[in-house]
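Visitor: Contents of structure_20.pdb (PDB, C-alpha atoms, pLDDT in the B column) are below:
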ATOM      1  CA  MET A 280      21.997  25.372  50.164  1.00 47.00           C
ATOM      2  CA  SER A 281      24.814  24.317  52.464  1.00 49.00           C
ATOM      3  CA  ALA A 282      26.027  21.034  53.886  1.00 51.00           C
ATOM      4  CA  SER A 283      24.595  22.053  57.278  1.00 52.00           C
ATOM      5  CA  ASN A 284      21.099  22.109  55.784  1.00 48.00           C
ATOM      6  CA  PRO A 285      19.297  18.835  56.662  1.00 49.00           C
ATOM      7  CA  LEU A 286      17.656  18.657  53.222  1.00 48.00           C
ATOM      8  CA  TYR A 287      21.060  18.908  51.530  1.00 45.00           C
ATOM      9  CA  THR A 288      22.479  16.232  53.802  1.00 42.00           C
ATOM     10  CA  SER A 289      19.605  13.811  53.297  1.00 43.00           C
ATOM     11  CA  PHE A 290      19.400  14.336  49.517  1.00 45.00           C
ATOM     12  CA  PHE A 291      22.970  14.771  48.326  1.00 45.00           C
ATOM     13  CA  VAL A 292      25.452  13.534  50.893  1.00 42.00           C
ATOM     14  CA  ARG A 293      24.225  10.182  52.207  1.00 40.00           C
ATOM     15  CA  SER A 294      26.641   7.467  51.270  1.00 34.00           C
ATOM     16  CA  SER A 295      23.945   4.847  50.747  1.00 37.00           C
ATOM     17  CA  TYR A 296      20.223   4.692  50.188  1.00 40.00           C
ATOM     18  CA  THR A 297      18.433   3.870  53.388  1.00 34.00           C
ATOM     19  CA  HIS A 298      14.886   4.336  52.138  1.00 39.00           C
ATOM     20  CA  THR A 299      12.834   2.028  49.980  1.00 42.00           C
ATOM     21  CA  MET A 300      12.838   3.213  46.422  1.00 45.00           C
ATOM     22  CA  GLY A 301       9.466   3.099  44.693  1.00 48.00           C
ATOM     23  CA  SER A 302       8.900   1.532  41.332  1.00 61.00           C
ATOM     24  CA  SER A 303       9.050   4.975  39.687  1.00 82.00           C
ATOM     25  CA  ARG A 304      12.798   5.167  40.327  1.00 87.00           C
ATOM     26  CA  TYR A 305      15.591   3.740  38.241  1.00 88.00           C
ATOM     27  CA  THR A 306      17.213   0.584  39.574  1.00 90.00           C
ATOM     28  CA  SER A 307      20.987   0.224  39.657  1.00 91.00           C
ATOM     29  CA  LYS A 308      20.775  -2.076  36.635  1.00 93.00           C
ATOM     30  CA  GLN A 309      18.712   0.465  34.660  1.00 92.00           C
ATOM     31  CA  THR A 310      21.154   3.210  35.625  1.00 93.00           C
ATOM     32  CA  ASN A 311      24.102   1.165  34.374  1.00 92.00           C
ATOM     33  CA  GLU A 312      22.324   0.336  31.109  1.00 94.00           C
ATOM     34  CA  TRP A 313      21.512   4.031  30.587  1.00 94.00           C
ATOM     35  CA  LEU A 314      25.119   5.045  31.294  1.00 95.00           C
ATOM     36  CA  ARG A 315      26.538   2.423  28.911  1.00 94.00           C
ATOM     37  CA  SER A 316      24.134   3.478  26.164  1.00 95.00           C
ATOM     38  CA  THR A 317      24.739   7.205  26.670  1.00 96.00           C
ATOM     39  CA  MET A 318      28.514   6.807  26.734  1.00 95.00           C
ATOM     40  CA  LYS A 319      28.394   4.699  23.564  1.00 96.00           C
ATOM     41  CA  LYS A 320      26.306   7.337  21.739  1.00 96.00           C
ATOM     42  CA  LEU A 321      28.812  10.018  22.765  1.00 97.00           C
ATOM     43  CA  GLY A 322      31.882   7.941  21.910  1.00 97.00           C
ATOM     44  CA  ILE A 323      33.064   7.807  25.512  1.00 97.00           C
ATOM     45  CA  ALA A 324      34.948   4.522  25.685  1.00 96.00           C
ATOM     46  CA  SER A 325      35.285   4.007  29.418  1.00 96.00           C
ATOM     47  CA  LEU A 326      34.572   5.251  32.902  1.00 96.00           C
ATOM     48  CA  ASP A 327      38.224   6.332  32.989  1.00 97.00           C
ATOM     49  CA  GLU A 328      37.578   8.600  30.006  1.00 97.00           C
ATOM     50  CA  LEU A 329      34.443  10.012  31.671  1.00 97.00           C
ATOM     51  CA  SER A 330      36.549  10.561  34.788  1.00 97.00           C
ATOM     52  CA  THR A 331      39.079  12.572  32.781  1.00 97.00           C
ATOM     53  CA  MET A 332      36.310  14.629  31.186  1.00 97.00           C
ATOM     54  CA  THR A 333      34.574  15.415  34.487  1.00 97.00           C
ATOM     55  CA  LYS A 334      37.652  15.586  36.740  1.00 97.00           C
ATOM     56  CA  ILE A 335      35.810  13.239  39.102  1.00 97.00           C
ATOM     57  CA  ASP A 336      37.677  10.108  40.151  1.00 97.00           C
ATOM     58  CA  ARG A 337      36.602   6.834  38.573  1.00 97.00           C
ATOM     59  CA  GLY A 338      35.663   5.308  41.934  1.00 96.00           C
ATOM     60  CA  SER A 339      33.221   8.094  42.734  1.00 96.00           C
ATOM     61  CA  LEU A 340      31.627   7.860  39.278  1.00 96.00           C
ATOM     62  CA  SER A 341      31.273   4.118  39.734  1.00 95.00           C
ATOM     63  CA  ARG A 342      29.579   4.577  43.121  1.00 95.00           C
ATOM     64  CA  TYR A 343      27.194   7.191  41.665  1.00 93.00           C
ATOM     65  CA  PHE A 344      26.160   5.003  38.742  1.00 93.00           C
ATOM     66  CA  ASN A 345      25.865   1.885  40.915  1.00 92.00           C
ATOM     67  CA  GLN A 346      23.603   3.938  43.202  1.00 90.00           C
ATOM     68  CA  ASP A 347      25.901   3.318  46.160  1.00 93.00           C
ATOM     69  CA  ARG A 348      26.340   7.042  46.691  1.00 92.00           C
ATOM     70  CA  ARG A 349      24.727  10.274  45.532  1.00 90.00           C
ATOM     71  CA  PRO A 350      26.884  12.926  43.904  1.00 92.00           C
ATOM     72  CA  SER A 351      27.557  16.242  45.601  1.00 92.00           C
ATOM     73  CA  ILE A 352      26.152  19.358  44.009  1.00 91.00           C
ATOM     74  CA  ASP A 353      29.647  20.129  42.697  1.00 94.00           C
ATOM     75  CA  ALA A 354      29.741  16.822  40.799  1.00 96.00           C
ATOM     76  CA  ILE A 355      26.372  17.157  39.077  1.00 96.00           C
ATOM     77  CA  VAL A 356      27.292  19.901  36.577  1.00 96.00           C
ATOM     78  CA  PRO A 357      30.436  18.234  35.185  1.00 97.00           C
ATOM     79  CA  ILE A 358      28.627  14.914  34.786  1.00 97.00           C
ATOM     80  CA  CYS A 359      25.665  16.594  33.068  1.00 96.00           C
ATOM     81  CA  THR A 360      27.989  18.517  30.767  1.00 97.00           C
ATOM     82  CA  ALA A 361      29.984  15.427  29.796  1.00 97.00           C
ATOM     83  CA  LEU A 362      26.876  13.323  29.172  1.00 97.00           C
ATOM     84  CA  GLY A 363      24.782  16.072  27.593  1.00 97.00           C
ATOM     85  CA  VAL A 364      21.853  15.758  30.001  1.00 96.00           C
ATOM     86  CA  THR A 365      19.991  18.056  32.364  1.00 95.00           C
ATOM     87  CA  SER A 366      20.420  17.849  36.121  1.00 94.00           C
ATOM     88  CA  ASP A 367      16.821  16.616  36.371  1.00 92.00           C
ATOM     89  CA  GLU A 368      17.541  13.747  33.998  1.00 93.00           C
ATOM     90  CA  LEU A 369      20.748  12.840  35.822  1.00 94.00           C
ATOM     91  CA  LEU A 370      19.047  12.769  39.233  1.00 91.00           C
ATOM     92  CA  ILE A 371      16.266  10.580  37.836  1.00 90.00           C
ATOM     93  CA  VAL A 372      18.776   8.196  36.240  1.00 91.00           C
ATOM     94  CA  LEU A 373      20.798   8.007  39.455  1.00 91.00           C
ATOM     95  CA  GLY A 374      17.652   6.965  41.333  1.00 87.00           C
ATOM     96  CA  ALA A 375      17.695  10.140  43.410  1.00 84.00           C
ATOM     97  CA  ALA A 376      14.395  11.433  42.002  1.00 84.00           C
ATOM     98  CA  ASP A 377      11.185   9.887  40.745  1.00 82.00           C
ATOM     99  CA  ASN A 378      10.834   9.341  37.024  1.00 80.00           C
ATOM    100  CA  PRO A 379       7.661  11.209  36.016  1.00 80.00           C
ATOM    101  CA  ASP A 380       7.372   8.988  32.918  1.00 78.00           C
ATOM    102  CA  LYS A 381       7.097   5.781  34.947  1.00 68.00           C
ATOM    103  CA  LYS A 382       3.852   4.837  36.650  1.00 58.00           C
ATOM    104  CA  GLN A 383       4.073   3.490  40.180  1.00 54.00           C
TER     105      GLN A 383
END
How does this structure look as structure tokens?

Guide:
Amino acid sequence: MSASNPLYTSFFVRSSYTHTMGSSRYTSKQTNEWLRSTMKKLGIASLDELSTMTKIDRGSLSRYFNQDRRPSIDAIVPICTALGVTSDELLIVLGAADNPDKKQ
């Protein structure tokens, strides 16, 4: 899938969410709570440390986990690896996909 593909552009590249997110999606607050909890379990002390581990700048990580921006495909694997989660789980936590465990 390339950046010229409209699906790629609408799903991965948009800099902000322009659609209404249903109740089956994580809120920014839930995403931040999940990140804090996951980092604590893994002994990752700060977003700066996560940045070093993923080689993704701290500002981008902050925007992803505040749901201000969606990560590129290239950013998903390093984040998943550092946090020990699947890409599905990460996209759900970032509010980019519906959470199948939550009822609407």

Visitor: What does the distance from CA of Thr331 (chain A) to CA of Asp377 (chain A) come to in Å, to one decimal?

Guide: 29.1 Å

Visitor: Distance table requested - region 345-380 of chain A against region 307-330 of chain A, cut-off 12 Å, all atoms listed in the file: one row per qualifying residue with the closest atom pair and its distance in Å to one decimal, ordered by chain and rising residue number, as a Markdown table.

Guide:
| residue | atom | partner | partner_atom | distance |
| --- | --- | --- | --- | --- |
| A:Asn345 | CA | A:Ser307 | CA | 5.3 |
| A:Gln346 | CA | A:Ser307 | CA | 5.8 |
| A:Asp347 | CA | A:Ser307 | CA | 8.7 |
| A:Arg348 | CA | A:Ser307 | CA | 11.2 |
| A:Ala354 | CA | A:Ser330 | CA | 11.0 |
| A:Pro357 | CA | A:Leu329 | CA | 9.8 |
| A:Ile358 | CA | A:Leu329 | CA | 8.2 |
| A:Cys359 | CA | A:Leu329 | CA | 11.1 |
| A:Thr360 | CA | A:Leu329 | CA | 10.7 |
| A:Ala361 | CA | A:Leu329 | CA | 7.3 |
| A:Leu362 | CA | A:Thr317 | CA | 6.9 |
| A:Gly363 | CA | A:Leu321 | CA | 8.7 |
| A:Val364 | CA | A:Thr317 | CA | 9.6 |
| A:Glu368 | CA | A:Trp313 | CA | 11.0 |
| A:Leu369 | CA | A:Thr310 | CA | 9.6 |
| A:Leu370 | CA | A:Thr310 | CA | 10.4 |
| A:Ile371 | CA | A:Thr310 | CA | 9.1 |
| A:Val372 | CA | A:Thr310 | CA | 5.6 |
| A:Leu373 | CA | A:Thr310 | CA | 6.1 |
| A:Gly374 | CA | A:Thr310 | CA | 7.7 |
| A:Ala375 | CA | A:Thr310 | CA | 11.0 |

Visitor: Let me see the file: selected residues, C-alpha atoms, as an mmCIF file, in the frame of the given file.

Guide:
data_model
loop_
_atom_site.group_PDB
_atom_site.id
_atom_site.type_symbol
_atom_site.label_atom_id
_atom_site.label_comp_id
_atom_site.auth_asym_id
_atom_site.auth_seq_id
_atom_site.Cartn_x
_atom_site.Cartn_y
_atom_site.Cartn_z
ATOM 1 C CA ASN A 345 25.865 1.885 40.915
ATOM 2 C CA GLN A 346 23.603 3.938 43.202
ATOM 3 C CA ASP A 347 25.901 3.318 46.160
ATOM 4 C CA ARG A 348 26.340 7.042 46.691
ATOM 5 C CA ALA A 354 29.741 16.822 40.799
ATOM 6 C CA PRO A 357 30.436 18.234 35.185
ATOM 7 C CA ILE A 358 28.627 14.914 34.786
ATOM 8 C CA CYS A 359 25.665 16.594 33.068
ATOM 9 C CA THR A 360 27.989 18.517 30.767
ATOM 10 C CA ALA A 361 29.984 15.427 29.796
ATOM 11 C CA LEU A 362 26.876 13.323 29.172
ATOM 12 C CA GLY A 363 24.782 16.072 27.593
ATOM 13 C CA VAL A 364 21.853 15.758 30.001
ATOM 14 C CA GLU A 368 17.541 13.747 33.998
ATOM 15 C CA LEU A 369 20.748 12.840 35.822
ATOM 16 C CA LEU A 370 19.047 12.769 39.233
ATOM 17 C CA ILE A 371 16.266 10.580 37.836
ATOM 18 C CA VAL A 372 18.776 8.196 36.240
ATOM 19 C CA LEU A 373 20.798 8.007 39.455
ATOM 20 C CA GLY A 374 17.652 6.965 41.333
ATOM 21 C CA ALA A 375 17.695 10.140 43.410
#

Visitor: What are the centre and the three edge lengths of an axis-aligned box that wraps all atoms of region 309-318 of chain A in the file, given that 4 Å is added to every side, written as AutoDock Vina command-line options and rounded to one decimal in Å?

Guide:
--center_x 23.6 --center_y 3.8 --center_z 30.9 --size_x 17.8 --size_y 14.9 --size_z 17.5

Visitor: Quick one: pull the distance between CA of Pro379 (chain A) and CA of Arg304 (chain A), Å, one decimal.

Guide: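 That distance, rounded to one decimal, is 9.0 Å.
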
Visitor: Would you mind reading off the distance between CA of Ala376 (chain A) and CA of Lys334 (chain A), one decimal, in Å?

Guide: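 Between these atoms lies a distance of 24.2 Å.
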